[in-house]
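> Just passing along the structure, written as structure tokens.
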Amino acid sequence: MPEFEVAIVTGAASGIGRALSVHYAQRGVRTVIGTFPGDPHDPEETLRRVKDAGGAGVIHEVDVRSTESVDAFARRAVDEYGRLDYAVANAGILRNAPLHELFDERWNDMLDVDLTGVLRTLRAGAAHMSEGGSMVAVSSIAGGVYGWEEHAHYAAAKAGVLGLVRSVAVELGPRQVRANAVIPGLIETPQSLDPVNSLGPEGLERAGRDIPWGRVGRPEEVAEVIGFLTSPAANYVTGQALVVDGGLTVKMRA
């Protein structure tokens, strides 16, 4: 085993990305904490929690809409730590748009971040990984399992992530580089707490009552699954999509 392993994580200033960075710190994995310059959340808080967990990391601004920016993000891992083992495409946006207002610009903006941004991250990560590397992309039950009214562009992007991951897994299999996806259900993150573009606090609370687990999920619970997929314990797992939803998608409705 190497002295340490190295990960890049987009969207790491809050939510699942922040929780994953802390998880990696607890495992001794050094993380390049990807943050979008326009994100209102503080990546320094992520770095503080990483250090409090006994880990190490660096903050790097990255715009997943830019190939040049994402390529530089992946190179930062090699420049800083000399290697790259894990790449996690977590950055995403969520916007409400009914079909009659789903203009080309809104559609293209969504897919540029939530689908093509994933491609850029996986592609850049694969360029620096040797045998044993692992990549994970974050999808959603919206698109990954269900449809969602007034969010067709979001659902289309998240569904596309699954096809992308499966194909990348097949292509990189001979290199022993794995690619998987997670499909989070209703998770309490800044994105889902947005009452305009998502459910908001009250909507999440109501929805949680219908989940067999009795509540919505926590970012740490998704991070643990990503951690599993980017670990030797999942060495023969590739091209898969794991649903993390407290039983929401398997519950029979009356």
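Each chain in the structure tokens gets a letter, A, B and so on, in the order shown; residues start at 1 in every chain, and ligands are counted from 1 in the order they appear.
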Would you list the contacts of region 178-187 of chain A as a PDB file with N, CA and C atoms, in the first residue's frame, taking every protein, DNA or RNA residue within 7 Å and counting only C-alpha atoms, but skipping same-chain residues closer than 4 positions in sequence?

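For reference, selection_25.pdb as written:
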ATOM      1  N   GLY A 133      -7.017   2.773  -9.598  1.00  0.00           N
ATOM      2  CA  GLY A 133      -7.760   4.011  -9.405  1.00  0.00           C
ATOM      3  C   GLY A 133      -9.258   3.777  -9.420  1.00  0.00           C
ATOM      4  N   SER A 134      -9.996   4.734  -8.871  1.00  0.00           N
ATOM      5  CA  SER A 134     -11.449   4.586  -8.782  1.00  0.00           C
ATOM      6  C   SER A 134     -12.113   5.941  -8.901  1.00  0.00           C
ATOM      7  N   MET A 135     -13.237   5.966  -9.617  1.00  0.00           N
ATOM      8  CA  MET A 135     -13.990   7.195  -9.822  1.00  0.00           C
ATOM      9  C   MET A 135     -15.447   6.968  -9.463  1.00  0.00           C
ATOM     10  N   VAL A 136     -16.066   7.999  -8.911  1.00  0.00           N
ATOM     11  CA  VAL A 136     -17.491   7.941  -8.569  1.00  0.00           C
ATOM     12  C   VAL A 136     -18.162   9.223  -9.035  1.00  0.00           C
ATOM     13  N   ALA A 137     -19.326   9.082  -9.631  1.00  0.00           N
ATOM     14  CA  ALA A 137     -20.138  10.232 -10.027  1.00  0.00           C
ATOM     15  C   ALA A 137     -21.431  10.218  -9.222  1.00  0.00           C
ATOM     16  N   VAL A 138     -21.879  11.397  -8.823  1.00  0.00           N
ATOM     17  CA  VAL A 138     -23.096  11.516  -8.022  1.00  0.00           C
ATOM     18  C   VAL A 138     -24.281  11.790  -8.948  1.00  0.00           C
ATOM     19  N   SER A 139     -25.223  10.871  -8.978  1.00  0.00           N
ATOM     20  CA  SER A 139     -26.456  11.022  -9.738  1.00  0.00           C
ATOM     21  C   SER A 139     -27.552  11.486  -8.778  1.00  0.00           C
ATOM     22  N   SER A 140     -28.783  11.039  -8.971  1.00  0.00           N
ATOM     23  CA  SER A 140     -29.911  11.430  -8.121  1.00  0.00           C
ATOM     24  C   SER A 140     -31.073  10.491  -8.406  1.00  0.00           C
ATOM     25  N   ILE A 141     -31.957  10.311  -7.412  1.00  0.00           N
ATOM     26  CA  ILE A 141     -33.166   9.533  -7.699  1.00  0.00           C
ATOM     27  C   ILE A 141     -34.034  10.245  -8.730  1.00  0.00           C
ATOM     28  N   GLY A 144     -32.261   9.294 -12.043  1.00  0.00           N
ATOM     29  CA  GLY A 144     -31.677   7.979 -11.850  1.00  0.00           C
ATOM     30  C   GLY A 144     -32.719   6.908 -11.578  1.00  0.00           C
ATOM     31  N   LEU A 162     -25.550   7.962 -15.382  1.00  0.00           N
ATOM     32  CA  LEU A 162     -25.498   6.510 -15.227  1.00  0.00           C
ATOM     33  C   LEU A 162     -24.964   5.836 -16.491  1.00  0.00           C
ATOM     34  N   VAL A 165     -21.162   6.538 -16.697  1.00  0.00           N
ATOM     35  CA  VAL A 165     -20.353   5.737 -15.779  1.00  0.00           C
ATOM     36  C   VAL A 165     -20.228   4.298 -16.273  1.00  0.00           C
ATOM     37  N   VAL A 168     -17.738   4.271 -19.188  1.00  0.00           N
ATOM     38  CA  VAL A 168     -16.372   4.529 -18.720  1.00  0.00           C
ATOM     39  C   VAL A 168     -15.826   3.297 -18.007  1.00  0.00           C
ATOM     40  N   ALA A 169     -16.668   2.630 -17.233  1.00  0.00           N
ATOM     41  CA  ALA A 169     -16.226   1.428 -16.525  1.00  0.00           C
ATOM     42  C   ALA A 169     -15.762   0.349 -17.495  1.00  0.00           C
ATOM     43  N   LEU A 172     -12.365   1.572 -19.197  1.00  0.00           N
ATOM     44  CA  LEU A 172     -11.178   1.622 -18.335  1.00  0.00           C
ATOM     45  C   LEU A 172     -10.922   0.329 -17.581  1.00  0.00           C
ATOM     46  N   GLY A 173     -11.818  -0.642 -17.721  1.00  0.00           N
ATOM     47  CA  GLY A 173     -11.637  -1.919 -17.050  1.00  0.00           C
ATOM     48  C   GLY A 173     -10.287  -2.573 -17.317  1.00  0.00           C
ATOM     49  N   SER A 192     -30.952  20.676  -1.401  1.00  0.00           N
ATOM     50  CA  SER A 192     -32.325  20.224  -1.149  1.00  0.00           C
ATOM     51  C   SER A 192     -33.069  21.151  -0.200  1.00  0.00           C
ATOM     52  N   VAL A 216     -35.164  11.903   6.184  1.00  0.00           N
ATOM     53  CA  VAL A 216     -34.290  12.070   5.027  1.00  0.00           C
ATOM     54  C   VAL A 216     -32.860  11.721   5.437  1.00  0.00           C
ATOM     55  N   GLY A 217     -32.007  11.548   4.437  1.00  0.00           N
ATOM     56  CA  GLY A 217     -30.644  11.136   4.702  1.00  0.00           C
ATOM     57  C   GLY A 217     -29.733  12.293   5.070  1.00  0.00           C
ATOM     58  N   ARG A 218     -28.561  11.934   5.540  1.00  0.00           N
ATOM     59  CA  ARG A 218     -27.531  12.905   5.900  1.00  0.00           C
ATOM     60  C   ARG A 218     -26.379  12.796   4.908  1.00  0.00           C
ATOM     61  N   PRO A 219     -25.689  13.895   4.628  1.00  0.00           N
ATOM     62  CA  PRO A 219     -24.564  13.839   3.686  1.00  0.00           C
ATOM     63  C   PRO A 219     -23.534  12.771   4.040  1.00  0.00           C
ATOM     64  N   VAL A 222     -24.195   9.321   2.560  1.00  0.00           N
ATOM     65  CA  VAL A 222     -23.809   9.158   1.152  1.00  0.00           C
ATOM     66  C   VAL A 222     -22.294   9.084   1.040  1.00  0.00           C
ATOM     67  N   THR A 238     -17.564  -2.350 -10.412  1.00  0.00           N
ATOM     68  CA  THR A 238     -17.409  -1.275 -11.383  1.00  0.00           C
ATOM     69  C   THR A 238     -18.619  -1.230 -12.315  1.00  0.00           C
ATOM     70  N   GLY A 239     -18.948  -0.047 -12.771  1.00  0.00           N
ATOM     71  CA  GLY A 239     -20.093   0.134 -13.660  1.00  0.00           C
ATOM     72  C   GLY A 239     -21.431   0.063 -12.953  1.00  0.00           C
ATOM     73  N   GLN A 240     -21.440   0.203 -11.634  1.00  0.00           N
ATOM     74  CA  GLN A 240     -22.661   0.040 -10.851  1.00  0.00           C
ATOM     75  C   GLN A 240     -23.178   1.387 -10.340  1.00  0.00           C
ATOM     76  N   ALA A 241     -24.440   1.371  -9.934  1.00  0.00           N
ATOM     77  CA  ALA A 241     -25.069   2.558  -9.343  1.00  0.00           C
ATOM     78  C   ALA A 241     -25.750   2.125  -8.050  1.00  0.00           C
ATOM     79  N   LEU A 242     -25.280   2.632  -6.924  1.00  0.00           N
ATOM     80  CA  LEU A 242     -25.845   2.274  -5.620  1.00  0.00           C
ATOM     81  C   LEU A 242     -26.806   3.353  -5.146  1.00  0.00           C
ATOM     82  N   VAL A 243     -28.019   2.952  -4.831  1.00  0.00           N
ATOM     83  CA  VAL A 243     -29.046   3.871  -4.346  1.00  0.00           C
ATOM     84  C   VAL A 243     -28.895   4.029  -2.834  1.00  0.00           C
ATOM     85  N   VAL A 244     -28.871   5.268  -2.378  1.00  0.00           N
ATOM     86  CA  VAL A 244     -28.722   5.575  -0.949  1.00  0.00           C
ATOM     87  C   VAL A 244     -29.939   6.409  -0.557  1.00  0.00           C
ATOM     88  N   ASP A 245     -31.015   5.762  -0.112  1.00  0.00           N
ATOM     89  CA  ASP A 245     -32.281   6.491   0.021  1.00  0.00           C
ATOM     90  C   ASP A 245     -33.154   6.060   1.192  1.00  0.00           C
TER      91      ASP A 245
END
> What are the nearest atom pairs, with distances in Å to one decimal, for all residues of region 15-123 of chain A that come at most 10 Å from region 155-159 of chain A, using only C-alpha atoms, set out by chain and rising residue number as JSON lines?

{"residue": "A:Gly92", "atom": "CA", "partner": "A:Lys158", "partner_atom": "CA", "distance": 9.6}
{"residue": "A:Leu94", "atom": "CA", "partner": "A:Ala155", "partner_atom": "CA", "distance": 9.7}
{"residue": "A:Trp107", "atom": "CA", "partner": "A:Ala157", "partner_atom": "CA", "distance": 9.4}
{"residue": "A:Met110", "atom": "CA", "partner": "A:Ala157", "partner_atom": "CA", "distance": 7.4}
{"residue": "A:Leu111", "atom": "CA", "partner": "A:Ala157", "partner_atom": "CA", "distance": 5.6}
{"residue": "A:Asp112", "atom": "CA", "partner": "A:Ala157", "partner_atom": "CA", "distance": 8.9}
{"residue": "A:Val113", "atom": "CA", "partner": "A:Ala157", "partner_atom": "CA", "distance": 8.8}
{"residue": "A:Asp114", "atom": "CA", "partner": "A:Ala157", "partner_atom": "CA", "distance": 5.7}
{"residue": "A:Leu115", "atom": "CA", "partner": "A:Ala157", "partner_atom": "CA", "distance": 5.1}
{"residue": "A:Thr116", "atom": "CA", "partner": "A:Ala157", "partner_atom": "CA", "distance": 8.5}
{"residue": "A:Val118", "atom": "CA", "partner": "A:Ala157", "partner_atom": "CA", "distance": 9.7}
> Using only all heavy atoms, please write the residues we just selected to a file, as a CSV table (one decimal), in the first residue's frame.

chain,number,residue,atom,x,y,z
A,92,GLY,N,-22.7,20.0,-8.8
A,92,GLY,CA,-24.0,20.1,-9.5
A,92,GLY,C,-24.8,21.3,-9.2
A,92,GLY,O,-24.6,21.9,-8.1
A,94,LEU,N,-29.0,22.8,-9.3
A,94,LEU,CA,-30.5,22.4,-9.4
A,94,LEU,C,-31.3,23.6,-9.6
A,94,LEU,O,-31.2,24.6,-8.9
A,94,LEU,CB,-30.8,21.8,-8.0
A,94,LEU,CG,-32.3,21.3,-7.9
A,94,LEU,CD1,-32.6,20.2,-8.9
A,94,LEU,CD2,-32.5,20.8,-6.5
A,107,TRP,N,-31.6,24.6,-20.5
A,107,TRP,CA,-31.2,23.2,-20.7
A,107,TRP,C,-29.7,23.0,-20.9
A,107,TRP,O,-29.1,22.1,-20.2
A,107,TRP,CB,-31.9,22.7,-22.0
A,107,TRP,CG,-31.6,21.3,-22.4
A,107,TRP,CD1,-30.5,20.9,-23.2
A,107,TRP,CD2,-32.2,20.1,-22.1
A,107,TRP,NE1,-30.5,19.6,-23.4
A,107,TRP,CE2,-31.5,19.0,-22.7
A,107,TRP,CE3,-33.3,19.8,-21.2
A,107,TRP,CZ2,-31.9,17.7,-22.6
A,107,TRP,CZ3,-33.7,18.4,-21.1
A,107,TRP,CH2,-33.0,17.4,-21.8
A,110,MET,N,-27.7,23.5,-17.6
A,110,MET,CA,-27.8,22.4,-16.6
A,110,MET,C,-26.9,21.2,-17.1
A,110,MET,O,-26.2,20.7,-16.3
A,110,MET,CB,-29.3,21.9,-16.6
A,110,MET,CG,-29.5,20.7,-15.7
A,110,MET,SD,-29.1,21.0,-13.9
A,110,MET,CE,-30.5,22.1,-13.5
A,111,LEU,N,-27.0,20.8,-18.3
A,111,LEU,CA,-26.3,19.7,-18.8
A,111,LEU,C,-24.8,20.0,-18.8
A,111,LEU,O,-24.0,19.1,-18.6
A,111,LEU,CB,-26.7,19.2,-20.2
A,111,LEU,CG,-27.8,18.1,-20.1
A,111,LEU,CD1,-29.1,18.6,-19.5
A,111,LEU,CD2,-28.0,17.6,-21.5
A,112,ASP,N,-24.4,21.2,-19.0
A,112,ASP,CA,-23.0,21.6,-19.0
A,112,ASP,C,-22.3,21.3,-17.6
A,112,ASP,O,-21.2,20.9,-17.6
A,112,ASP,CB,-22.8,23.1,-19.4
A,112,ASP,CG,-21.4,23.4,-19.9
A,112,ASP,OD1,-20.6,22.4,-20.3
A,112,ASP,OD2,-21.0,24.6,-19.8
A,113,VAL,N,-23.1,21.5,-16.6
A,113,VAL,CA,-22.6,21.3,-15.2
A,113,VAL,C,-22.8,19.9,-14.8
A,113,VAL,O,-21.9,19.1,-14.4
A,113,VAL,CB,-23.2,22.3,-14.2
A,113,VAL,CG1,-22.8,22.0,-12.8
A,113,VAL,CG2,-22.9,23.7,-14.6
A,114,ASP,N,-24.1,19.4,-14.8
A,114,ASP,CA,-24.5,18.2,-14.2
A,114,ASP,C,-24.2,16.9,-15.0
A,114,ASP,O,-24.3,15.8,-14.5
A,114,ASP,CB,-26.0,18.2,-13.8
A,114,ASP,CG,-26.3,19.1,-12.6
A,114,ASP,OD1,-25.4,20.0,-12.3
A,114,ASP,OD2,-27.3,18.9,-12.0
A,115,LEU,N,-23.9,17.1,-16.3
A,115,LEU,CA,-23.5,15.9,-17.1
A,115,LEU,C,-22.1,16.1,-17.7
A,115,LEU,O,-21.2,15.3,-17.5
A,115,LEU,CB,-24.6,15.6,-18.1
A,115,LEU,CG,-24.3,14.4,-19.0
A,115,LEU,CD1,-24.1,13.1,-18.2
A,115,LEU,CD2,-25.4,14.2,-20.0
A,116,THR,N,-22.0,17.1,-18.5
A,116,THR,CA,-20.7,17.3,-19.1
A,116,THR,C,-19.6,17.6,-18.1
A,116,THR,O,-18.4,17.2,-18.3
A,116,THR,CB,-20.7,18.4,-20.2
A,116,THR,OG1,-21.9,18.2,-21.1
A,116,THR,CG2,-19.5,18.4,-21.0
A,118,VAL,N,-19.4,16.2,-15.2
A,118,VAL,CA,-19.0,14.9,-14.7
A,118,VAL,C,-18.1,14.3,-15.7
A,118,VAL,O,-17.0,13.7,-15.3
A,118,VAL,CB,-20.3,14.0,-14.5
A,118,VAL,CG1,-19.9,12.6,-14.2
A,118,VAL,CG2,-21.2,14.6,-13.4
> Can you write out as a Markdown table which residues of region 72-188 of chain A fall within 7 Å of region 9-26 of chain A, alongside each residue's closest atom pair and its distance in Å to one decimal, counting only C-alpha atoms and ordering rows by chain and ascending residue number?

| residue | atom | partner | partner_atom | distance |
| --- | --- | --- | --- | --- |
| A:Ala87 | CA | A:Val9 | CA | 6.2 |
| A:Val88 | CA | A:Val9 | CA | 4.8 |
| A:Ala89 | CA | A:Thr10 | CA | 5.6 |
| A:Asn90 | CA | A:Thr10 | CA | 5.2 |
| A:Ala91 | CA | A:Gly11 | CA | 4.1 |
> Run DSSP on the backbone and give me the residues of region 40-123 of chain A it puts in strand (DSSP E or B), as a compact mmCIF listing (two decimals) with N, CA and C atoms, in the first residue's frame.

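Full text of selection_16.txt as output:
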# COMPACT_ATOMS: atom_id res chain seq x y z
N GLY A 57 -5.32 18.41 3.26
CA GLY A 57 -5.94 18.73 1.98
C GLY A 57 -5.58 20.12 1.54
N VAL A 58 -5.94 20.44 0.31
CA VAL A 58 -5.76 21.78 -0.24
C VAL A 58 -7.04 22.19 -0.95
N ILE A 59 -7.31 23.47 -0.95
CA ILE A 59 -8.48 24.01 -1.64
C ILE A 59 -8.07 24.43 -3.04
N HIS A 60 -8.91 24.10 -4.01
CA HIS A 60 -8.63 24.47 -5.39
C HIS A 60 -9.92 24.92 -6.06
N GLU A 61 -9.93 26.12 -6.58
CA GLU A 61 -11.11 26.61 -7.30
C GLU A 61 -11.21 25.92 -8.65
N TYR A 86 -8.30 8.70 -6.52
CA TYR A 86 -9.75 8.75 -6.56
C TYR A 86 -10.22 10.08 -7.13
N ALA A 87 -11.24 10.02 -7.97
CA ALA A 87 -11.88 11.22 -8.50
C ALA A 87 -13.37 11.11 -8.28
N VAL A 88 -13.94 12.12 -7.62
CA VAL A 88 -15.37 12.11 -7.32
C VAL A 88 -16.02 13.33 -7.95
N ALA A 89 -16.93 13.08 -8.88
CA ALA A 89 -17.66 14.14 -9.57
C ALA A 89 -18.95 14.41 -8.80
> Mind giving me the straight-line distance from CA of Gly125 (chain A) to CA of Ala74 (chain A) in Å, one decimal?
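Interatomic distance here is 5.8 Å.
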> Could you pull out all residues of region 140-231 of chain A with a DSSP call of helix (DSSP H, G or I) and give them as an MDAnalysis selection string?
chainID A and resid 141:144 152:175 200:208 219:229
> Quick one: pull the distance between CA of Met129 (chain A) and CA of Ile93 (chain A), Å, one decimal.
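Computing it gives 26.9 Å between the two atoms.
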> Please list as a JSON list (two decimals) with N, CA and C atoms, in the first residue's frame every residue within 10 Å of Pro201 (chain A), counting only C-alpha atoms and excluding residues in the same chain fewer than 4 positions away.

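New file out-v7.json:
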[["chain", "number", "residue", "atom", "x", "y", "z"],
["A", 188, "GLU", "N", -30.41, 15.78, 3.21],
["A", 188, "GLU", "CA", -30.45, 17.15, 3.71],
["A", 188, "GLU", "C", -29.14, 17.86, 3.39],
["A", 189, "THR", "N", -29.14, 18.58, 2.29],
["A", 189, "THR", "CA", -27.99, 19.35, 1.85],
["A", 189, "THR", "C", -28.45, 20.78, 1.55],
["A", 190, "PRO", "N", -27.53, 21.72, 1.39],
["A", 190, "PRO", "CA", -27.94, 23.07, 1.01],
["A", 190, "PRO", "C", -28.79, 23.09, -0.26],
["A", 192, "SER", "N", -30.95, 20.68, -1.40],
["A", 192, "SER", "CA", -32.32, 20.22, -1.15],
["A", 192, "SER", "C", -33.07, 21.15, -0.20],
["A", 193, "LEU", "N", -32.34, 21.92, 0.60],
["A", 193, "LEU", "CA", -32.97, 22.87, 1.52],
["A", 193, "LEU", "C", -33.41, 24.16, 0.84],
["A", 194, "ASP", "N", -33.07, 24.30, -0.44],
["A", 194, "ASP", "CA", -33.48, 25.46, -1.22],
["A", 194, "ASP", "C", -34.98, 25.36, -1.52],
["A", 195, "PRO", "N", -35.82, 26.27, -0.98],
["A", 195, "PRO", "CA", -37.27, 26.15, -1.16],
["A", 195, "PRO", "C", -37.75, 26.58, -2.54],
["A", 205, "GLU", "N", -39.03, 17.70, 5.45],
["A", 205, "GLU", "CA", -39.59, 17.09, 6.66],
["A", 205, "GLU", "C", -40.81, 16.25, 6.32],
["A", 206, "ARG", "N", -41.68, 16.79, 5.46],
["A", 206, "ARG", "CA", -42.87, 16.04, 5.06],
["A", 206, "ARG", "C", -42.48, 14.77, 4.31],
["A", 207, "ALA", "N", -41.54, 14.92, 3.38],
["A", 207, "ALA", "CA", -41.13, 13.78, 2.58],
["A", 207, "ALA", "C", -40.49, 12.69, 3.44]]
> A:Val50, A:Pro212, A:Ala56, A:Val62: which is nearest Pro37 (chain A), counting only C-alpha atoms?
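Ranking A:Val50, A:Pro212, A:Ala56, A:Val62 by distance to Pro37 (chain A), first place goes to A:Val62.
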> Within 10 Å of Leu99 (chain A), counting only C-alpha atoms, which residues qualify if same-chain residues fewer than 4 places away don't, as a ChimeraX atom specification?
/A:103,149-153
> For CA of Asp109 (chain A) and CA of Ala7 (chain A), determine how far apart the two atoms are, in Å to one decimal place.
26.7 Å
> Compare A:Glu131, A:Leu84, A:Thr35, A:Arg27 by their minimum atom-to-atom distance to Ala53 (chain A), counting only C-alpha atoms, and give me the closest one.
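With only C-alpha atoms as the atom set, the closest residue is A:Arg27.
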